[in-house]
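So this block is entry_18.cif, mmCIF, C-alpha atoms and all ligand atoms:
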data_my_file
#
loop_
_atom_site.label_atom_id
_atom_site.label_comp_id
_atom_site.auth_asym_id
_atom_site.auth_seq_id
_atom_site.Cartn_x
_atom_site.Cartn_y
_atom_site.Cartn_z
CA MET A 597 -23.56 9.05 -3.09
CA GLU A 598 -23.09 6.63 -5.93
CA VAL A 599 -22.01 3.16 -4.84
CA ILE A 600 -20.17 1.14 -7.49
CA ILE A 601 -19.40 -2.52 -6.82
CA GLU A 602 -17.20 -4.96 -8.73
CA ASN A 603 -16.46 -8.54 -7.78
CA SER A 604 -12.68 -8.44 -7.93
CA VAL A 605 -10.10 -6.05 -6.53
CA GLN A 606 -8.54 -5.73 -9.97
CA ASP A 607 -11.83 -4.77 -11.62
CA ILE A 608 -12.73 -2.13 -9.04
CA CYS A 609 -9.24 -0.60 -9.27
CA LYS A 610 -9.57 -0.49 -13.06
CA LEU A 611 -12.93 1.22 -12.82
CA ALA A 612 -11.73 3.73 -10.22
CA ALA A 613 -8.71 4.48 -12.44
CA LYS A 614 -11.02 5.13 -15.38
CA PHE A 615 -12.81 7.75 -13.31
CA VAL A 616 -9.51 9.48 -12.47
CA ALA A 617 -8.38 9.20 -16.09
CA LYS A 618 -11.58 10.80 -17.33
CA GLN A 619 -11.00 13.72 -14.96
CA ILE A 620 -7.44 14.21 -16.23
CA ARG A 621 -8.39 13.84 -19.90
CA THR A 622 -11.30 16.28 -19.53
CA LYS A 623 -9.16 18.84 -17.68
CA PRO A 624 -5.41 18.25 -18.18
CA GLU A 625 -4.59 20.83 -15.48
CA SER A 626 -6.76 19.08 -12.90
CA VAL A 627 -5.95 19.46 -9.24
CA ILE A 628 -6.01 15.94 -7.80
CA GLY A 629 -6.02 15.10 -4.10
CA PHE A 630 -4.19 11.83 -3.48
CA ALA A 631 -4.41 9.32 -0.63
CA THR A 632 -1.91 6.68 0.45
CA GLY A 633 -2.28 3.25 2.06
CA LYS A 634 -2.58 -0.34 0.87
CA THR A 635 -5.92 0.28 -0.86
CA MET A 636 -4.30 2.78 -3.23
CA VAL A 637 -1.63 0.42 -4.54
CA GLY A 638 -3.84 -1.27 -7.16
CA LEU A 639 -5.39 2.03 -8.25
CA TYR A 640 -2.00 3.68 -8.74
CA ARG A 641 -0.67 0.63 -10.57
CA GLU A 642 -3.57 0.93 -12.98
CA LEU A 643 -3.02 4.69 -13.41
CA ALA A 644 0.65 3.98 -14.20
CA ARG A 645 -0.47 1.40 -16.78
CA LEU A 646 -2.84 3.92 -18.37
CA HIS A 647 0.06 6.35 -18.62
CA GLU A 648 2.33 3.72 -20.16
CA GLU A 649 -0.12 2.04 -22.52
CA GLU A 650 -2.82 4.62 -23.17
CA ALA A 651 -0.83 7.86 -22.99
CA LEU A 652 -2.62 9.23 -19.94
CA ASP A 653 -0.80 12.53 -19.47
CA PHE A 654 -0.01 13.67 -15.93
CA SER A 655 2.20 16.60 -16.97
CA GLY A 656 -0.43 19.28 -16.34
CA ILE A 657 -1.92 18.08 -13.08
CA TYR A 658 -1.34 19.48 -9.61
CA SER A 659 -1.21 16.94 -6.82
CA PHE A 660 -2.04 17.56 -3.17
CA ASN A 661 -1.67 14.68 -0.74
CA LEU A 662 -4.17 14.32 2.06
CA ASP A 663 -1.74 13.87 4.88
CA GLU A 664 1.81 13.34 6.12
CA PHE A 665 3.50 12.45 9.42
CA VAL A 666 4.73 15.36 11.51
CA ALA A 667 8.52 15.73 11.54
CA LEU A 668 9.06 12.72 9.29
CA ASP A 669 11.59 13.50 6.60
CA ALA A 670 10.31 13.15 3.02
CA ASP A 671 13.09 10.60 2.40
CA HIS A 672 12.06 8.37 5.29
CA PRO A 673 11.00 4.96 3.90
CA CYS A 674 7.58 5.29 5.61
CA SER A 675 6.82 8.87 4.56
CA TYR A 676 3.79 9.34 2.35
CA ARG A 677 5.96 11.31 -0.03
CA ARG A 678 8.05 8.13 -0.53
CA PHE A 679 4.89 6.07 -0.90
CA MET A 680 3.66 8.34 -3.68
CA GLU A 681 7.05 8.27 -5.45
CA GLU A 682 7.20 4.48 -5.31
CA HIS A 683 3.63 3.74 -6.28
CA LEU A 684 2.77 6.54 -8.69
CA PHE A 685 4.96 9.57 -9.29
CA GLN A 686 8.05 7.78 -10.58
CA HIS A 687 5.90 5.81 -13.05
CA VAL A 688 4.16 8.79 -14.67
CA ASN A 689 5.14 12.14 -16.18
CA ILE A 690 4.04 14.36 -13.31
CA ASP A 691 5.80 17.72 -12.96
CA PRO A 692 7.75 17.63 -9.64
CA ASP A 693 7.05 21.35 -9.17
CA ARG A 694 3.34 20.57 -9.03
CA ILE A 695 3.58 17.97 -6.25
CA CYS A 696 2.41 19.38 -2.92
CA PHE A 697 2.50 18.02 0.63
CA PRO A 698 1.87 19.84 3.89
CA ASP A 699 5.16 21.08 5.35
CA VAL A 700 5.54 18.69 8.26
CA MET A 701 9.07 19.92 9.04
CA SER A 702 7.94 23.50 9.66
CA SER A 703 8.72 25.10 13.01
CA ASP A 704 5.33 26.81 12.75
CA ILE A 705 2.82 24.01 12.22
CA ALA A 706 -0.25 26.27 12.32
CA ALA A 707 1.24 28.45 9.56
CA ALA A 708 2.16 25.35 7.53
CA CYS A 709 -1.47 24.18 7.72
CA SER A 710 -2.98 27.47 6.61
CA ASP A 711 -0.32 27.69 3.88
CA TYR A 712 -1.47 24.30 2.57
CA GLU A 713 -5.05 25.53 2.41
CA ASP A 714 -3.83 28.68 0.58
CA ARG A 715 -1.86 26.63 -1.94
CA ILE A 716 -4.98 24.57 -2.73
CA LYS A 717 -7.03 27.74 -3.18
CA LYS A 718 -4.37 29.37 -5.36
CA VAL A 719 -4.62 26.62 -8.00
CA GLY A 720 -8.41 26.84 -8.00
CA GLY A 721 -9.36 24.14 -5.48
CA ILE A 722 -9.30 20.36 -5.74
CA ASP A 723 -11.14 18.96 -8.75
CA LEU A 724 -11.05 15.34 -7.63
CA GLN A 725 -10.16 14.05 -4.18
CA ILE A 726 -9.22 10.36 -3.93
CA LEU A 727 -9.90 8.77 -0.54
CA GLY A 728 -9.37 5.51 1.31
CA ILE A 729 -11.09 4.81 4.61
CA GLY A 730 -9.88 3.63 8.01
CA VAL A 731 -11.72 0.82 9.81
CA GLU A 732 -13.10 3.38 12.26
CA GLY A 733 -14.22 5.76 9.52
CA HIS A 734 -11.38 8.21 9.08
CA ILE A 735 -10.81 9.93 5.74
CA GLY A 736 -7.42 11.56 5.53
CA PHE A 737 -6.51 11.27 9.19
CA ASN A 738 -9.73 12.79 10.45
CA GLU A 739 -10.25 10.34 13.26
CA PRO A 740 -13.67 9.77 14.90
CA THR A 741 -15.16 12.95 16.43
CA SER A 742 -13.25 15.18 14.00
CA SER A 743 -15.18 18.31 13.17
CA LEU A 744 -17.04 17.85 9.92
CA ALA A 745 -16.07 21.46 9.12
CA SER A 746 -12.36 20.99 9.90
CA ARG A 747 -9.53 22.35 7.74
CA THR A 748 -5.92 21.22 7.37
CA ARG A 749 -4.49 20.85 10.86
CA LEU A 750 -2.48 18.69 13.22
CA LYS A 751 -4.25 15.54 14.41
CA THR A 752 -3.17 12.92 16.90
CA LEU A 753 -3.73 9.44 15.53
CA ALA A 754 -6.13 7.02 17.20
CA GLN A 755 -4.36 4.07 18.81
CA ARG A 756 -6.06 1.66 16.42
CA THR A 757 -4.68 3.62 13.47
CA MET A 758 -1.21 3.50 15.00
CA HIS A 759 -1.51 -0.28 15.33
CA GLU A 760 -2.54 -0.50 11.65
CA LEU A 761 0.50 1.56 10.67
CA ALA A 762 2.92 -0.40 12.85
CA ARG A 763 3.42 -2.94 10.06
CA HIS A 764 5.26 -0.27 8.05
CA PHE A 765 7.25 1.26 10.87
CA GLY A 766 8.24 -2.03 12.53
CA SER A 767 6.56 -1.27 15.87
CA VAL A 768 3.77 0.89 17.29
CA ASP A 769 6.31 2.94 19.21
CA SER A 770 8.01 3.97 15.97
CA VAL A 771 4.80 5.35 14.41
CA PRO A 772 4.68 9.16 14.69
CA ALA A 773 1.61 9.94 16.80
CA GLN A 774 0.86 13.14 14.93
CA VAL A 775 0.05 14.01 11.36
CA LEU A 776 -0.96 17.00 9.32
CA THR A 777 -4.16 16.20 7.46
CA MET A 778 -6.61 18.01 5.28
CA GLY A 779 -9.80 18.51 7.28
CA VAL A 780 -13.20 17.06 6.48
CA GLY A 781 -14.20 20.55 5.35
CA THR A 782 -11.18 20.74 3.03
CA ILE A 783 -12.17 17.39 1.51
CA MET A 784 -15.81 18.46 1.19
CA ASP A 785 -14.76 21.56 -0.79
CA SER A 786 -13.39 19.35 -3.61
CA SER A 787 -15.57 19.38 -6.72
CA LYS A 788 -15.68 15.57 -6.79
CA VAL A 789 -14.71 12.93 -4.27
CA MET A 790 -14.13 9.22 -4.76
CA LEU A 791 -13.64 6.72 -1.99
CA LEU A 792 -12.11 3.31 -2.65
CA ALA A 793 -12.48 0.45 -0.15
CA ILE A 794 -11.37 -3.15 -0.52
CA GLY A 795 -11.78 -6.19 1.70
CA GLN A 796 -14.01 -7.60 4.37
CA ASP A 797 -12.43 -5.57 7.18
CA LYS A 798 -13.92 -2.42 5.60
CA ALA A 799 -17.45 -3.81 5.17
CA GLU A 800 -18.91 -2.63 8.47
CA ILE A 801 -17.50 0.90 8.27
CA ILE A 802 -18.68 1.17 4.67
CA ARG A 803 -22.20 0.29 5.82
CA LYS A 804 -22.03 3.04 8.46
CA THR A 805 -20.54 5.53 5.98
CA VAL A 806 -23.08 4.96 3.24
CA GLU A 807 -26.23 3.90 5.07
CA GLY A 808 -25.74 5.18 8.62
CA PRO A 809 -26.38 8.60 10.12
CA ILE A 810 -24.06 11.52 9.36
CA THR A 811 -21.92 11.85 12.44
CA GLY A 812 -18.49 13.03 13.56
CA LEU A 813 -18.05 9.54 15.02
CA VAL A 814 -17.77 8.32 11.41
CA PRO A 815 -16.08 11.23 9.62
CA ALA A 816 -16.49 9.52 6.23
CA SER A 817 -20.29 9.75 6.65
CA ALA A 818 -19.96 13.50 5.88
CA LEU A 819 -19.55 12.42 2.24
CA GLN A 820 -23.31 11.80 2.17
CA MET A 821 -23.58 15.60 1.99
CA HIS A 822 -21.24 15.87 -1.02
CA GLN A 823 -22.82 16.53 -4.40
CA VAL A 824 -20.52 14.24 -6.38
CA ALA A 825 -19.31 11.38 -4.21
CA LYS A 826 -18.53 7.99 -5.74
CA VAL A 827 -17.81 4.98 -3.55
CA PHE A 828 -15.89 2.20 -5.31
CA LEU A 829 -16.08 -1.18 -3.54
CA ASN A 830 -15.09 -4.74 -4.19
CA ASP A 831 -17.70 -7.32 -3.29
CA GLU A 832 -16.23 -8.01 0.15
CA ALA A 833 -16.21 -4.35 1.19
CA ALA A 834 -19.84 -4.09 0.00
CA GLN A 835 -21.10 -7.20 1.78
CA SER A 836 -22.86 -5.45 4.70
CA LEU A 837 -24.76 -2.90 2.59
CA THR A 838 -28.52 -3.31 2.91
CA LEU A 839 -29.20 -1.83 -0.53
CA LYS A 840 -26.41 -3.67 -2.36
CA PRO A 841 -28.72 -5.10 -5.08
CA TYR A 842 -30.07 -1.60 -5.76
CA TYR A 843 -26.57 -0.09 -6.11
CA ARG A 844 -25.62 -2.77 -8.64
CA TRP A 845 -28.88 -2.35 -10.55
CA ALA A 846 -28.60 1.45 -10.61
CA TYR A 847 -25.02 1.31 -11.92
CA GLU A 848 -25.94 -1.16 -14.68
CA HIS A 849 -28.80 1.08 -15.78
CA LYS A 850 -26.95 4.39 -15.87
CA PRO A 851 -27.64 6.30 -19.06
CA ASP A 852 -24.71 6.42 -21.48
CA TRP A 853 -24.18 10.18 -21.07
CA GLN A 854 -23.47 9.65 -17.36
CA ARG A 855 -20.92 6.87 -17.82
CA PHE A 856 -17.17 7.24 -17.39
CA ASP A 857 -16.33 3.60 -18.03
CA ARG A 858 -16.66 3.36 -21.81
C1 LIG B 1 -3.74 7.90 3.96
C2 LIG B 1 -5.10 8.19 4.39
C3 LIG B 1 -5.91 7.19 5.14
C4 LIG B 1 -6.01 5.84 4.44
C5 LIG B 1 -6.80 4.86 5.30
C6 LIG B 1 -6.91 3.48 4.66
O1 LIG B 1 -3.22 8.94 3.16
O2 LIG B 1 -5.54 9.27 4.14
O3 LIG B 1 -7.19 7.71 5.35
O4 LIG B 1 -6.63 6.01 3.20
O5 LIG B 1 -6.19 4.73 6.56
O6 LIG B 1 -5.65 2.89 4.63
P1 LIG B 1 -5.46 1.44 3.98
O7 LIG B 1 -5.75 1.59 2.53
O8 LIG B 1 -4.00 1.12 4.23
O9 LIG B 1 -6.41 0.53 4.68
#
The structure given in the file should be rewritten as structure tokens.
Ligand code: F6R
Amino acid sequence: MEVIIENSVQDICKLAAKFVAKQIRTKPESVIGFATGKTMVGLYRELARLHEEEALDFSGIYSFNLDEFVALDADHPCSYRRFMEEHLFQHVNIDPDRICFPDVMSSDIAAACSDYEDRIKKVGGIDLQILGIGVEGHIGFNEPTSSLASRTRLKTLAQRTMHELARHFGSVDSVPAQVLTMGVGTIMDSSKVMLLAIGQDKAEIIRKTVEGPITGLVPASALQMHQVAKVFLNDEAAQSLTLKPYYRWAYEHKPDWQRFDR
């Protein structure tokens, strides 16, 4: 895992966006896995700016979102499809035919999940998976004790996650309890993964993810086994890391050929 720390939220979002931009510029037909949530807002704003001001071209990419609420219409104001439209898709030149979500309206949920896996395979697999993290260590909606080999499937949200989401839905009771989410195994199959975390409330789970044991209790800790995993943190999210000075030093001393930020 490579841990990259910047002092401000804006700077870490800019750096994370540069990593995504490099992927898209290197392979214009990249398959990108997208996440939603408040952490992603600054990153997507920066990607939209790169499109607008630096001609970052999204027309060739395929997008696969990590998760969506079961039986929630794509037009619902709280659907992740709407989130992506509002924060990214409507600001860039992505081809609508290349936007993919799991089919949460299907009458055959198991078939919809295996179809999602097939669609990812058909375009050659995910080149870069973007991730946020829940305070209890979920990536996608792989809640604690998820199988580290899991594939796209239905998951029931943890109550804490439902409380986090209640701010969007108005009340906990209005949050759909079930989602379709890529599995940890699906995420691990991506060629590269990047996790972005911001704020003090993520500091403890980031410590467990990066420096703790690999365990299904902290699904994000599986990323320690990924060959190309970058963890982008602002200073607050990094504050509990024991080796924080080393991560900063190592990033500053990266050889030029390894850099994506210049
Ligand atoms: C959402 C997702 C989740 C979020 C996580 C963090 O698509 O996959 O894992 O990334 O819950 O959410 P925020 O950024 O709102 O704290």
What are the centre and the three edge lengths of an axis-aligned box that wraps all atoms of stretch 667-675 of chain A in the file, given that 3 Å is added to every side, written as AutoDock Vina command-line options and rounded to one decimal in Å?
--center_x 10.0 --center_y 10.3 --center_z 7.0 --size_x 12.3 --size_y 16.8 --size_z 15.1
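Going from atom CA of A:Leu684 over to atom CA of A:Asp714, you cover 24.9 Å.
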Contacts to ligand LIG 1 (chain B) at 9 Å cut-off (all atoms listed in the file) as JSON, numbers by chain: {"A": [630, 631, 632, 633, 634, 635, 636, 637, 661, 662, 663, 664, 676, 726, 727, 728, 729, 730, 731, 733, 734, 735, 736, 737, 738, 739, 757, 760, 761, 777, 778, 791, 792, 793, 794, 797, 798]}
Answer as a ChimeraX atom specification, residues within 12 Å of (-19.3, 21.5, -0.2) using only C-alpha atoms: /A:721-722,744-745,780-789,818-825
Of the listed residues A:Gly779, A:Pro851, A:Pro815, A:Gly656, that which approaches A:Val688 most closely, counting all atoms listed in the file: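 Of all the options, A:Gly656 lies closest to A:Val688.
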Nearest to A:Arg641 by atom-to-atom distance, counting only C-alpha atoms, from A:Val666, A:Val599, A:Ala613, A:Val627: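 Nearest to A:Arg641: A:Ala613.
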Selected residue of minimal separation from A:Val775 among A:Ala667, A:Phe856, A:Asp691, A:Thr838, counting only C-alpha atoms: A:Ala667
For A:Ala708: contacts at 7 Å, only C-alpha atoms, fewer than 5 positions along chain excluded, given as a list in words: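 Contacts, with the query itself left out: Pro698, Asp699 and Ser702 of chain A.
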May I have the selected residues written with C-alpha atoms, as a tab-separated table (two decimals), keeping the file's coordinate frame?
chain	number	residue	atom	x	y	z
A	698	PRO	CA	1.87	19.84	3.89
A	699	ASP	CA	5.16	21.08	5.35
A	702	SER	CA	7.94	23.50	9.66
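Across the structure, atom CA of A:Ser655 and atom CA of A:Asn689 are spaced 5.4 Å apart.
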Atom pair atom CA of A:Met758 / atom CA of A:Phe660: separation (Å):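 These atoms are spaced 23.0 Å apart.
Ranking A:Glu625, A:Glu650, A:Asp693, A:Glu642 by their shortest atom-to-atom distance to A:Cys609, with only C-alpha atoms included, puts A:Glu642 first.
Distances here use all atoms listed in the file; by that measure, the residue among A:His764, A:Lys717, A:Lys826, A:Arg677 closest to A:Ile600 is A:Lys826.
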Residue among A:Gln854, A:Gln835, A:Ser770, A:Thr805 lying closest to A:Cys674, counting all atoms listed in the file: A:Ser770
Residues within 12 Å of A:Phe765, only C-alpha atoms, excluding chain neighbours under 6 positions, as a VMD selection string: chain A and resid 665 668 672 to 675 758 to 759 771 to 773
Nearby residues (all atoms listed in the file) at most 10 Å from A:Arg858, same-chain spacing under 6 positions excluded, as a list in words: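 Here the qualifying residues turn out to be Leu611, Lys614 and Asp852 of chain A.
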